[in-house]
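Text of model-v2.txt, listed as compact mmCIF, N, CA and C atoms:
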# COMPACT_ATOMS: atom_id res chain seq x y z
N GLN A 1 1.26 34.39 -2.84
CA GLN A 1 1.20 32.93 -2.92
C GLN A 1 0.05 32.51 -3.81
N VAL A 2 0.37 31.73 -4.83
CA VAL A 2 -0.65 31.25 -5.75
C VAL A 2 -1.48 30.17 -5.07
N GLN A 3 -2.78 30.35 -5.12
CA GLN A 3 -3.65 29.38 -4.46
C GLN A 3 -4.96 29.24 -5.23
N LEU A 4 -5.44 28.01 -5.30
CA LEU A 4 -6.76 27.71 -5.86
C LEU A 4 -7.56 26.99 -4.78
N VAL A 5 -8.76 27.44 -4.57
CA VAL A 5 -9.61 26.83 -3.54
C VAL A 5 -10.95 26.46 -4.15
N GLU A 6 -11.24 25.16 -4.14
CA GLU A 6 -12.53 24.68 -4.64
C GLU A 6 -13.56 24.67 -3.51
N SER A 7 -14.80 24.83 -3.90
CA SER A 7 -15.90 24.72 -2.96
C SER A 7 -17.16 24.36 -3.73
N GLY A 8 -18.19 24.00 -2.99
CA GLY A 8 -19.48 23.72 -3.61
C GLY A 8 -19.85 22.26 -3.73
N GLY A 9 -18.93 21.38 -3.34
CA GLY A 9 -19.25 19.96 -3.40
C GLY A 9 -20.25 19.57 -2.34
N GLY A 10 -20.71 18.33 -2.43
CA GLY A 10 -21.66 17.85 -1.44
C GLY A 10 -22.28 16.54 -1.86
N LEU A 11 -23.28 16.14 -1.08
CA LEU A 11 -24.03 14.91 -1.34
C LEU A 11 -25.37 15.29 -1.97
N VAL A 12 -25.62 14.78 -3.16
CA VAL A 12 -26.87 15.08 -3.86
C VAL A 12 -27.45 13.79 -4.43
N GLN A 13 -28.69 13.88 -4.87
CA GLN A 13 -29.35 12.74 -5.47
C GLN A 13 -29.19 12.77 -7.00
N PRO A 14 -29.33 11.63 -7.63
CA PRO A 14 -29.27 11.63 -9.10
C PRO A 14 -30.29 12.59 -9.69
N GLY A 15 -29.84 13.33 -10.69
CA GLY A 15 -30.68 14.33 -11.33
C GLY A 15 -30.54 15.72 -10.76
N ASP A 16 -29.92 15.84 -9.60
CA ASP A 16 -29.73 17.15 -8.98
C ASP A 16 -28.61 17.93 -9.65
N SER A 17 -28.44 19.16 -9.20
CA SER A 17 -27.40 20.04 -9.73
C SER A 17 -26.49 20.52 -8.61
N LEU A 18 -25.27 20.85 -8.97
CA LEU A 18 -24.32 21.49 -8.09
C LEU A 18 -23.51 22.49 -8.90
N ARG A 19 -23.05 23.54 -8.23
CA ARG A 19 -22.12 24.45 -8.87
C ARG A 19 -20.85 24.50 -8.05
N LEU A 20 -19.77 24.07 -8.67
CA LEU A 20 -18.47 24.12 -8.03
C LEU A 20 -17.80 25.46 -8.34
N SER A 21 -17.09 25.97 -7.36
CA SER A 21 -16.34 27.20 -7.53
C SER A 21 -14.85 26.93 -7.35
N CYS A 22 -14.06 27.67 -8.09
CA CYS A 22 -12.61 27.59 -7.98
C CYS A 22 -12.12 29.03 -7.86
N ALA A 23 -11.82 29.44 -6.62
CA ALA A 23 -11.39 30.80 -6.36
C ALA A 23 -9.87 30.89 -6.41
N ALA A 24 -9.38 31.81 -7.22
CA ALA A 24 -7.93 32.00 -7.37
C ALA A 24 -7.47 33.16 -6.52
N SER A 25 -6.33 33.00 -5.88
CA SER A 25 -5.72 34.09 -5.12
C SER A 25 -4.23 34.09 -5.39
N GLY A 26 -3.63 35.27 -5.28
CA GLY A 26 -2.20 35.39 -5.53
C GLY A 26 -1.89 35.63 -7.00
N PHE A 27 -2.90 35.57 -7.84
CA PHE A 27 -2.72 35.86 -9.26
C PHE A 27 -4.10 36.15 -9.85
N THR A 28 -4.10 36.80 -11.00
CA THR A 28 -5.36 37.02 -11.71
C THR A 28 -5.44 36.03 -12.86
N LEU A 29 -6.65 35.72 -13.25
CA LEU A 29 -6.88 34.65 -14.22
C LEU A 29 -6.62 35.05 -15.66
N ASP A 30 -6.24 36.30 -15.90
CA ASP A 30 -6.19 36.84 -17.26
C ASP A 30 -5.47 35.94 -18.26
N TYR A 31 -4.31 35.47 -17.94
CA TYR A 31 -3.52 34.68 -18.88
C TYR A 31 -3.54 33.19 -18.54
N TYR A 32 -4.46 32.81 -17.68
CA TYR A 32 -4.50 31.42 -17.21
C TYR A 32 -5.64 30.64 -17.83
N ALA A 33 -5.31 29.46 -18.30
CA ALA A 33 -6.34 28.49 -18.65
C ALA A 33 -6.66 27.68 -17.39
N ILE A 34 -7.91 27.28 -17.28
CA ILE A 34 -8.37 26.54 -16.10
C ILE A 34 -8.94 25.20 -16.53
N GLY A 35 -8.59 24.20 -15.78
CA GLY A 35 -9.15 22.88 -16.03
C GLY A 35 -9.85 22.36 -14.79
N TRP A 36 -10.89 21.59 -15.02
CA TRP A 36 -11.56 20.85 -13.94
C TRP A 36 -11.28 19.36 -14.16
N PHE A 37 -10.89 18.72 -13.10
CA PHE A 37 -10.57 17.30 -13.14
C PHE A 37 -11.33 16.59 -12.03
N ARG A 38 -11.43 15.29 -12.14
CA ARG A 38 -12.04 14.53 -11.06
C ARG A 38 -11.33 13.20 -10.90
N GLN A 39 -11.42 12.70 -9.68
CA GLN A 39 -10.78 11.42 -9.38
C GLN A 39 -11.67 10.62 -8.46
N ALA A 40 -12.10 9.48 -8.97
CA ALA A 40 -12.91 8.56 -8.18
C ALA A 40 -11.98 7.56 -7.49
N PRO A 41 -12.42 6.96 -6.39
CA PRO A 41 -11.57 5.99 -5.69
C PRO A 41 -11.12 4.87 -6.61
N GLY A 42 -9.81 4.61 -6.61
CA GLY A 42 -9.27 3.55 -7.43
C GLY A 42 -9.09 3.89 -8.90
N SER A 43 -9.36 5.13 -9.25
CA SER A 43 -9.25 5.54 -10.65
C SER A 43 -8.22 6.65 -10.81
N GLU A 44 -7.77 6.83 -12.02
CA GLU A 44 -6.85 7.92 -12.30
C GLU A 44 -7.63 9.24 -12.39
N ARG A 45 -6.91 10.31 -12.19
CA ARG A 45 -7.52 11.63 -12.32
C ARG A 45 -7.81 11.88 -13.80
N GLU A 46 -9.02 12.31 -14.08
CA GLU A 46 -9.42 12.53 -15.47
C GLU A 46 -9.88 13.97 -15.68
N GLY A 47 -9.63 14.46 -16.87
CA GLY A 47 -10.06 15.80 -17.22
C GLY A 47 -11.54 15.82 -17.54
N VAL A 48 -12.24 16.78 -16.98
CA VAL A 48 -13.67 16.91 -17.17
C VAL A 48 -13.99 18.04 -18.13
N SER A 49 -13.34 19.18 -17.90
CA SER A 49 -13.63 20.36 -18.71
C SER A 49 -12.47 21.33 -18.57
N CYS A 50 -12.36 22.23 -19.53
CA CYS A 50 -11.35 23.28 -19.43
C CYS A 50 -11.85 24.54 -20.13
N LEU A 51 -11.23 25.65 -19.76
CA LEU A 51 -11.57 26.96 -20.31
C LEU A 51 -10.28 27.65 -20.70
N GLY A 52 -10.18 28.05 -21.95
CA GLY A 52 -8.99 28.73 -22.41
C GLY A 52 -8.85 30.10 -21.78
N ASN A 53 -7.63 30.66 -21.85
CA ASN A 53 -7.42 31.97 -21.22
C ASN A 53 -8.01 33.10 -22.06
N ASN A 54 -8.61 32.77 -23.20
CA ASN A 54 -9.38 33.80 -23.92
C ASN A 54 -10.77 33.94 -23.32
N GLY A 55 -11.08 33.06 -22.38
CA GLY A 55 -12.37 33.14 -21.71
C GLY A 55 -13.52 32.58 -22.52
N VAL A 56 -13.21 32.05 -23.69
CA VAL A 56 -14.26 31.60 -24.61
C VAL A 56 -14.14 30.12 -24.94
N THR A 57 -12.93 29.69 -25.26
CA THR A 57 -12.73 28.30 -25.69
C THR A 57 -12.98 27.35 -24.54
N THR A 58 -13.82 26.36 -24.80
CA THR A 58 -14.13 25.36 -23.79
C THR A 58 -13.98 23.96 -24.38
N TYR A 59 -13.83 23.03 -23.48
CA TYR A 59 -13.81 21.62 -23.85
C TYR A 59 -14.54 20.84 -22.75
N TYR A 60 -15.26 19.80 -23.17
CA TYR A 60 -15.94 18.94 -22.21
C TYR A 60 -15.69 17.48 -22.58
N ALA A 61 -15.44 16.69 -21.58
CA ALA A 61 -15.35 15.25 -21.81
C ALA A 61 -16.71 14.74 -22.27
N ASP A 62 -16.70 13.70 -23.06
CA ASP A 62 -17.96 13.15 -23.58
C ASP A 62 -18.92 12.78 -22.46
N SER A 63 -18.37 12.34 -21.35
CA SER A 63 -19.21 11.87 -20.24
C SER A 63 -20.00 12.99 -19.58
N VAL A 64 -19.61 14.24 -19.79
CA VAL A 64 -20.30 15.36 -19.14
C VAL A 64 -20.88 16.35 -20.13
N LYS A 65 -20.61 16.15 -21.40
CA LYS A 65 -21.06 17.09 -22.43
C LYS A 65 -22.58 17.23 -22.40
N GLY A 66 -23.04 18.46 -22.42
CA GLY A 66 -24.47 18.72 -22.37
C GLY A 66 -25.02 18.83 -20.96
N ARG A 67 -24.23 18.44 -19.97
CA ARG A 67 -24.68 18.51 -18.57
C ARG A 67 -23.86 19.50 -17.75
N PHE A 68 -22.59 19.64 -18.06
CA PHE A 68 -21.70 20.52 -17.30
C PHE A 68 -21.38 21.77 -18.12
N THR A 69 -21.20 22.88 -17.42
CA THR A 69 -20.82 24.13 -18.07
C THR A 69 -19.74 24.81 -17.26
N ILE A 70 -18.67 25.18 -17.92
CA ILE A 70 -17.58 25.89 -17.26
C ILE A 70 -17.69 27.38 -17.61
N SER A 71 -17.39 28.23 -16.63
CA SER A 71 -17.47 29.67 -16.87
C SER A 71 -16.50 30.39 -15.95
N ARG A 72 -16.28 31.64 -16.23
CA ARG A 72 -15.31 32.43 -15.47
C ARG A 72 -15.90 33.79 -15.13
N ASP A 73 -15.69 34.24 -13.91
CA ASP A 73 -16.07 35.58 -13.47
C ASP A 73 -14.79 36.33 -13.14
N ASN A 74 -14.38 37.19 -14.04
CA ASN A 74 -13.11 37.90 -13.84
C ASN A 74 -13.15 38.81 -12.61
N ALA A 75 -14.29 39.41 -12.37
CA ALA A 75 -14.41 40.33 -11.23
C ALA A 75 -14.18 39.60 -9.91
N LYS A 76 -14.60 38.35 -9.86
CA LYS A 76 -14.44 37.56 -8.64
C LYS A 76 -13.21 36.66 -8.70
N ASN A 77 -12.51 36.69 -9.83
CA ASN A 77 -11.33 35.84 -10.00
C ASN A 77 -11.65 34.38 -9.70
N THR A 78 -12.78 33.96 -10.22
CA THR A 78 -13.31 32.64 -9.89
C THR A 78 -13.80 31.94 -11.16
N VAL A 79 -13.57 30.64 -11.20
CA VAL A 79 -14.09 29.81 -12.28
C VAL A 79 -15.11 28.85 -11.69
N TYR A 80 -16.16 28.60 -12.45
CA TYR A 80 -17.26 27.75 -11.97
C TYR A 80 -17.40 26.52 -12.87
N LEU A 81 -17.95 25.49 -12.26
CA LEU A 81 -18.37 24.33 -13.02
C LEU A 81 -19.80 24.02 -12.60
N GLN A 82 -20.73 24.37 -13.48
CA GLN A 82 -22.14 24.07 -13.23
C GLN A 82 -22.40 22.65 -13.67
N MET A 83 -22.90 21.84 -12.76
CA MET A 83 -23.13 20.43 -13.05
C MET A 83 -24.61 20.13 -12.89
N ASN A 84 -25.24 19.77 -13.97
CA ASN A 84 -26.66 19.44 -13.97
C ASN A 84 -26.87 17.96 -14.26
N SER A 85 -28.05 17.48 -13.96
CA SER A 85 -28.42 16.09 -14.23
C SER A 85 -27.34 15.13 -13.74
N LEU A 86 -26.95 15.31 -12.51
CA LEU A 86 -25.85 14.51 -11.97
C LEU A 86 -26.22 13.04 -11.89
N LYS A 87 -25.20 12.22 -12.10
CA LYS A 87 -25.35 10.77 -12.09
C LYS A 87 -24.42 10.17 -11.03
N PRO A 88 -24.73 8.96 -10.58
CA PRO A 88 -23.81 8.32 -9.62
C PRO A 88 -22.37 8.22 -10.14
N ASP A 89 -22.21 8.06 -11.45
CA ASP A 89 -20.87 7.98 -12.03
C ASP A 89 -20.09 9.29 -11.92
N ASP A 90 -20.77 10.38 -11.57
CA ASP A 90 -20.08 11.66 -11.39
C ASP A 90 -19.44 11.76 -10.00
N THR A 91 -19.68 10.80 -9.17
CA THR A 91 -19.10 10.81 -7.82
C THR A 91 -17.58 10.76 -7.89
N ALA A 92 -16.95 11.75 -7.27
CA ALA A 92 -15.49 11.86 -7.29
C ALA A 92 -15.06 13.07 -6.49
N VAL A 93 -13.77 13.19 -6.28
CA VAL A 93 -13.21 14.45 -5.79
C VAL A 93 -12.89 15.29 -7.03
N TYR A 94 -13.37 16.50 -7.00
CA TYR A 94 -13.19 17.41 -8.14
C TYR A 94 -12.10 18.42 -7.81
N TYR A 95 -11.21 18.60 -8.76
CA TYR A 95 -10.09 19.52 -8.62
C TYR A 95 -10.10 20.55 -9.73
N CYS A 96 -9.72 21.78 -9.40
CA CYS A 96 -9.45 22.74 -10.45
C CYS A 96 -7.94 22.95 -10.52
N ALA A 97 -7.49 23.34 -11.70
CA ALA A 97 -6.07 23.54 -11.93
C ALA A 97 -5.88 24.71 -12.89
N ALA A 98 -4.72 25.33 -12.82
CA ALA A 98 -4.45 26.51 -13.63
C ALA A 98 -3.07 26.43 -14.26
N VAL A 99 -2.97 27.00 -15.44
CA VAL A 99 -1.67 27.12 -16.12
C VAL A 99 -1.63 28.45 -16.84
N ARG A 100 -0.50 29.11 -16.76
CA ARG A 100 -0.34 30.41 -17.39
C ARG A 100 0.33 30.27 -18.74
N TYR A 101 -0.22 31.00 -19.71
CA TYR A 101 0.39 31.08 -21.02
C TYR A 101 0.90 32.50 -21.25
N SER A 102 1.87 32.63 -22.12
CA SER A 102 2.46 33.95 -22.37
C SER A 102 1.56 34.83 -23.22
N GLY A 103 0.66 34.22 -23.96
CA GLY A 103 -0.27 34.97 -24.78
C GLY A 103 -1.69 34.49 -24.54
N ILE A 104 -2.62 35.08 -25.28
CA ILE A 104 -4.02 34.68 -25.20
C ILE A 104 -4.30 33.70 -26.33
N TYR A 105 -4.79 32.54 -26.00
CA TYR A 105 -4.98 31.48 -26.98
C TYR A 105 -6.39 30.89 -26.92
N SER A 106 -6.81 30.40 -28.06
CA SER A 106 -8.09 29.68 -28.14
C SER A 106 -7.79 28.19 -27.96
N TYR A 107 -7.34 27.85 -26.78
CA TYR A 107 -6.88 26.48 -26.52
C TYR A 107 -6.97 26.20 -25.03
N CYS A 108 -7.27 24.98 -24.69
CA CYS A 108 -7.12 24.55 -23.31
C CYS A 108 -6.90 23.04 -23.31
N SER A 109 -6.37 22.55 -22.23
CA SER A 109 -5.98 21.15 -22.13
C SER A 109 -6.69 20.48 -20.96
N VAL A 110 -6.93 19.18 -21.09
CA VAL A 110 -7.43 18.40 -19.97
C VAL A 110 -6.43 17.32 -19.59
N LYS A 111 -5.17 17.62 -19.84
CA LYS A 111 -4.10 16.70 -19.43
C LYS A 111 -3.50 17.22 -18.12
N THR A 112 -3.44 16.36 -17.12
CA THR A 112 -2.96 16.81 -15.82
C THR A 112 -1.55 17.37 -15.91
N ARG A 113 -0.72 16.82 -16.75
CA ARG A 113 0.68 17.25 -16.82
C ARG A 113 0.85 18.67 -17.37
N ASP A 114 -0.20 19.20 -17.96
CA ASP A 114 -0.10 20.54 -18.55
C ASP A 114 -0.38 21.65 -17.54
N TYR A 115 -0.75 21.28 -16.32
CA TYR A 115 -1.16 22.29 -15.34
C TYR A 115 -0.13 22.50 -14.24
N MET A 116 0.01 23.75 -13.83
CA MET A 116 1.01 24.15 -12.86
C MET A 116 0.47 24.17 -11.43
N TYR A 117 -0.74 24.67 -11.26
CA TYR A 117 -1.28 24.89 -9.92
C TYR A 117 -2.55 24.08 -9.75
N TRP A 118 -2.72 23.55 -8.54
CA TRP A 118 -3.86 22.69 -8.24
C TRP A 118 -4.51 23.10 -6.93
N GLY A 119 -5.82 22.94 -6.88
CA GLY A 119 -6.53 23.10 -5.63
C GLY A 119 -6.51 21.82 -4.83
N GLN A 120 -7.16 21.87 -3.67
CA GLN A 120 -7.13 20.73 -2.76
C GLN A 120 -8.25 19.73 -3.03
N GLY A 121 -9.21 20.12 -3.82
CA GLY A 121 -10.30 19.23 -4.19
C GLY A 121 -11.54 19.42 -3.34
N THR A 122 -12.68 19.07 -3.91
CA THR A 122 -13.96 19.09 -3.21
C THR A 122 -14.73 17.83 -3.59
N GLN A 123 -15.32 17.20 -2.60
CA GLN A 123 -15.99 15.91 -2.82
C GLN A 123 -17.39 16.12 -3.36
N VAL A 124 -17.70 15.39 -4.41
CA VAL A 124 -19.06 15.34 -4.95
C VAL A 124 -19.53 13.89 -4.88
N THR A 125 -20.64 13.69 -4.21
CA THR A 125 -21.22 12.35 -4.09
C THR A 125 -22.65 12.40 -4.60
N VAL A 126 -22.92 11.54 -5.57
CA VAL A 126 -24.26 11.45 -6.15
C VAL A 126 -24.83 10.08 -5.80
N SER A 127 -25.83 10.08 -4.96
CA SER A 127 -26.37 8.81 -4.48
C SER A 127 -27.82 8.99 -4.04
N SER A 128 -28.61 7.95 -4.27
CA SER A 128 -29.99 7.97 -3.81
C SER A 128 -30.09 7.31 -2.44

Exercise: express the given structure as structure tokens:
Amino acid sequence: QVQLVESGGGLVQPGDSLRLSCAASGFTLDYYAIGWFRQAPGSEREGVSCLGNNGVTTYYADSVKGRFTISRDNAKNTVYLQMNSLKPDDTAVYYCAAVRYSGIYSYCSVKTRDYMYWGQGTQVTVSS
């Protein structure tokens, strides 16, 4: 059974850091691109970052560029989102998602419709 499980969310103050984890089970990440998305109350789900299945290609939304870093640990079958210098505007439920490609590509997407599998989400709240 394909499953993605996010963890690492919580309540932090502005300027703090969090590292979100997205653990995959039922499949290995080798041919999968991973995306991180977030959804604030009353807003649409937006793409934050993604990692191509080559393990190298990354993309970051302008709102998080320079503060967030996406990475992958193949041995743990886990993808991370390191979030630094958090702001109140980063408050949202964060989701990871996965999509399998037939080959290895230097590409990833932050469009929700491009992803096959989704986790249940983890809440991140940034507040003083």

Mind checking which residues fall within 5 Å of stretch 122-127 of chain A, counting all atoms listed in the file, ignoring those fewer than 3 positions away in the same chain, and posting them as a PyMOL selection string? chain A and resi 9-14+88+91-94

Could you state the separation of atom CA of A:Asp114 and atom C of A:Tyr32 in Å, given to one decimal place? 11.5 Å

Report the residues of chain A whose backbone DSSP state falls under strand (DSSP E or B), written as an NGL selection string. :A and (3-7 or 10-12 or 18-25 or 32-39 or 46-51 or 58-60 or 68-73 or 78-83 or 92-100 or 117-118 or 122-126)

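Counting all atoms listed in the file and comparing A:Ala98, A:Cys50, A:Val2, A:Val56, the residue that lies closest to A:Ser25 is A:Val2.
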
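Closest approach to A:Val110 from the set A:Gly35, A:Pro41, A:Gly52, A:Gly26 is made by A:Gly35, with distances taken over only N, CA and C atoms.
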
Near A:Ser7, within 6.5 Å and counting only N, CA and C atoms, which residues show up once chain neighbours fewer than 2 positions away are dropped, as a list in words?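 Residues meeting the cut-off are Val5, Gly9, Arg19, Leu20, Ser21, Cys22, Ala23, Gly121 and Thr122 of chain A.
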
Smallest atom-to-atom distance to A:Leu51: which of A:Arg67, A:Arg72, A:Arg38, A:Arg113, using all atoms listed in the file?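 Among the listed residues, A:Arg72 lies closest to A:Leu51.
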
Closest to A:Gly66 among A:Gln120, A:Asn53, A:Ser85, A:Ala97, using only N, CA and C atoms? A:Ser85

Between A:Met116, A:Val99, A:Ile70, A:Ile104, which is the closest to A:Gln82 once you count only C-alpha atoms?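 Under the stated criterion, the closest residue is A:Ile70.
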
Could you give me, as a PyMOL selection string, the residues that sit within 6.5 Å of (-12.3, 21.2, -21.6) in the file's coordinates, counting all atoms listed in the file? chain A and resi 48-51+58-61+108-110

Check the DSSP output for the backbone and give back, as JSON, numbers by chain, the residues of chain A in helix (DSSP H, G or I). {"A": [29, 30, 31, 88, 89, 90, 112, 113, 114]}

Got a sec to check which residues sit within 9 Å of (-13.2, 37.1, -8.4), counting only C-alpha atoms, and write them as a list in words?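 Looking at atoms near the point gives Ala23, Ala24, Ser25, Thr28, Leu29, Arg72, Asp73, Asn74, Ala75, Lys76, Asn77, Thr78 and Val79 of chain A.
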
Atom C of A:Ser71 to atom CA of A:Ser128: how many Å, to one decimal? 28.8 Å

Separation of atom CA of A:Ser102 from atom N of A:Leu4, in Å and rounded to one decimal: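 A separation of 19.7 Å between them.
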
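Restricting the calculation to only N, CA and C atoms, the smallest distance between A:Asp30 and any of A:Thr112, A:Ser63, A:Asn54, A:Ser106 is found for A:Asn54.
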
Do you know which residues are at most 6.5 Å from A:Phe68 counting only N, CA and C atoms, after dropping those on the same chain fewer than 5 positions away, and could you put them as a VMD selection string? chain A and resid 81 to 84

Could you give me the axis-aligned bounding box of stretch 95-110 of chain A, with 8 Å of padding per side, as centre plus edge lengths in Å to one decimal, as JSON?
{"center_x": -4.4, "center_y": 26.2, "center_z": -18.4, "size_x": 29.7, "size_y": 33.8, "size_z": 35.5}

Atoms are missing here; could stretch 79-88 of chain A be completed with all heavy atoms and written as a PDB file, in the frame of the given file?
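Output file selection-v9.pdb follows:
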ATOM      1  N   VAL A  79     -13.570  30.640 -11.200  1.00  0.00           N
ATOM      2  CA  VAL A  79     -14.090  29.810 -12.280  1.00  0.00           C
ATOM      3  C   VAL A  79     -15.110  28.850 -11.690  1.00  0.00           C
ATOM      4  O   VAL A  79     -14.926  28.352 -10.574  1.00  0.00           O
ATOM      5  CB  VAL A  79     -12.955  29.038 -12.968  1.00  0.00           C
ATOM      6  CG1 VAL A  79     -13.501  28.071 -14.021  1.00  0.00           C
ATOM      7  CG2 VAL A  79     -11.970  30.003 -13.605  1.00  0.00           C
ATOM      8  N   TYR A  80     -16.160  28.600 -12.450  1.00  0.00           N
ATOM      9  CA  TYR A  80     -17.260  27.750 -11.970  1.00  0.00           C
ATOM     10  C   TYR A  80     -17.400  26.520 -12.870  1.00  0.00           C
ATOM     11  O   TYR A  80     -17.063  26.535 -14.046  1.00  0.00           O
ATOM     12  CB  TYR A  80     -18.570  28.536 -11.987  1.00  0.00           C
ATOM     13  CG  TYR A  80     -18.537  29.787 -11.155  1.00  0.00           C
ATOM     14  CD1 TYR A  80     -18.328  31.030 -11.742  1.00  0.00           C
ATOM     15  CD2 TYR A  80     -18.707  29.729  -9.771  1.00  0.00           C
ATOM     16  CE1 TYR A  80     -18.290  32.183 -10.982  1.00  0.00           C
ATOM     17  CE2 TYR A  80     -18.669  30.877  -9.008  1.00  0.00           C
ATOM     18  CZ  TYR A  80     -18.458  32.104  -9.622  1.00  0.00           C
ATOM     19  OH  TYR A  80     -18.421  33.248  -8.866  1.00  0.00           O
ATOM     20  N   LEU A  81     -17.950  25.490 -12.260  1.00  0.00           N
ATOM     21  CA  LEU A  81     -18.370  24.330 -13.020  1.00  0.00           C
ATOM     22  C   LEU A  81     -19.800  24.020 -12.600  1.00  0.00           C
ATOM     23  O   LEU A  81     -20.040  23.537 -11.491  1.00  0.00           O
ATOM     24  CB  LEU A  81     -17.470  23.123 -12.754  1.00  0.00           C
ATOM     25  CG  LEU A  81     -17.765  21.891 -13.626  1.00  0.00           C
ATOM     26  CD1 LEU A  81     -17.429  22.177 -15.096  1.00  0.00           C
ATOM     27  CD2 LEU A  81     -16.998  20.665 -13.136  1.00  0.00           C
ATOM     28  N   GLN A  82     -20.730  24.370 -13.480  1.00  0.00           N
ATOM     29  CA  GLN A  82     -22.140  24.070 -13.230  1.00  0.00           C
ATOM     30  C   GLN A  82     -22.400  22.650 -13.670  1.00  0.00           C
ATOM     31  O   GLN A  82     -22.151  22.307 -14.837  1.00  0.00           O
ATOM     32  CB  GLN A  82     -23.041  25.043 -14.004  1.00  0.00           C
ATOM     33  CG  GLN A  82     -24.522  24.770 -13.846  1.00  0.00           C
ATOM     34  CD  GLN A  82     -25.028  25.031 -12.446  1.00  0.00           C
ATOM     35  OE1 GLN A  82     -24.649  26.007 -11.814  1.00  0.00           O
ATOM     36  NE2 GLN A  82     -25.888  24.148 -11.951  1.00  0.00           N
ATOM     37  N   MET A  83     -22.900  21.840 -12.760  1.00  0.00           N
ATOM     38  CA  MET A  83     -23.130  20.430 -13.050  1.00  0.00           C
ATOM     39  C   MET A  83     -24.610  20.130 -12.890  1.00  0.00           C
ATOM     40  O   MET A  83     -25.155  20.246 -11.785  1.00  0.00           O
ATOM     41  CB  MET A  83     -22.300  19.556 -12.100  1.00  0.00           C
ATOM     42  CG  MET A  83     -20.812  19.901 -12.094  1.00  0.00           C
ATOM     43  SD  MET A  83     -19.825  18.748 -11.139  1.00  0.00           S
ATOM     44  CE  MET A  83     -20.499  18.985  -9.512  1.00  0.00           C
ATOM     45  N   ASN A  84     -25.240  19.770 -13.970  1.00  0.00           N
ATOM     46  CA  ASN A  84     -26.660  19.440 -13.970  1.00  0.00           C
ATOM     47  C   ASN A  84     -26.870  17.960 -14.260  1.00  0.00           C
ATOM     48  O   ASN A  84     -25.980  17.281 -14.771  1.00  0.00           O
ATOM     49  CB  ASN A  84     -27.400  20.277 -15.016  1.00  0.00           C
ATOM     50  CG  ASN A  84     -27.317  21.757 -14.745  1.00  0.00           C
ATOM     51  OD1 ASN A  84     -27.236  22.193 -13.592  1.00  0.00           O
ATOM     52  ND2 ASN A  84     -27.334  22.545 -15.800  1.00  0.00           N
ATOM     53  N   SER A  85     -28.050  17.480 -13.960  1.00  0.00           N
ATOM     54  CA  SER A  85     -28.420  16.090 -14.230  1.00  0.00           C
ATOM     55  C   SER A  85     -27.340  15.130 -13.740  1.00  0.00           C
ATOM     56  O   SER A  85     -26.884  14.237 -14.475  1.00  0.00           O
ATOM     57  CB  SER A  85     -28.659  15.884 -15.728  1.00  0.00           C
ATOM     58  OG  SER A  85     -29.658  16.759 -16.205  1.00  0.00           O
ATOM     59  N   LEU A  86     -26.950  15.310 -12.510  1.00  0.00           N
ATOM     60  CA  LEU A  86     -25.850  14.510 -11.970  1.00  0.00           C
ATOM     61  C   LEU A  86     -26.220  13.040 -11.890  1.00  0.00           C
ATOM     62  O   LEU A  86     -27.376  12.666 -11.634  1.00  0.00           O
ATOM     63  CB  LEU A  86     -25.460  15.042 -10.594  1.00  0.00           C
ATOM     64  CG  LEU A  86     -24.621  16.334 -10.653  1.00  0.00           C
ATOM     65  CD1 LEU A  86     -24.623  17.049  -9.316  1.00  0.00           C
ATOM     66  CD2 LEU A  86     -23.203  16.014 -11.090  1.00  0.00           C
ATOM     67  N   LYS A  87     -25.200  12.220 -12.100  1.00  0.00           N
ATOM     68  CA  LYS A  87     -25.350  10.770 -12.090  1.00  0.00           C
ATOM     69  C   LYS A  87     -24.420  10.170 -11.030  1.00  0.00           C
ATOM     70  O   LYS A  87     -23.422  10.790 -10.677  1.00  0.00           O
ATOM     71  CB  LYS A  87     -24.969  10.198 -13.454  1.00  0.00           C
ATOM     72  CG  LYS A  87     -25.697  10.790 -14.633  1.00  0.00           C
ATOM     73  CD  LYS A  87     -25.140  10.245 -15.936  1.00  0.00           C
ATOM     74  CE  LYS A  87     -25.840  10.837 -17.136  1.00  0.00           C
ATOM     75  NZ  LYS A  87     -25.292  10.318 -18.417  1.00  0.00           N
ATOM     76  N   PRO A  88     -24.730   8.960 -10.580  1.00  0.00           N
ATOM     77  CA  PRO A  88     -23.810   8.320  -9.620  1.00  0.00           C
ATOM     78  C   PRO A  88     -22.370   8.220 -10.140  1.00  0.00           C
ATOM     79  O   PRO A  88     -21.427   8.318  -9.360  1.00  0.00           O
ATOM     80  CB  PRO A  88     -24.442   6.936  -9.419  1.00  0.00           C
ATOM     81  CG  PRO A  88     -25.905   7.172  -9.632  1.00  0.00           C
ATOM     82  CD  PRO A  88     -25.975   8.203 -10.723  1.00  0.00           C
TER      83      PRO A  88
END
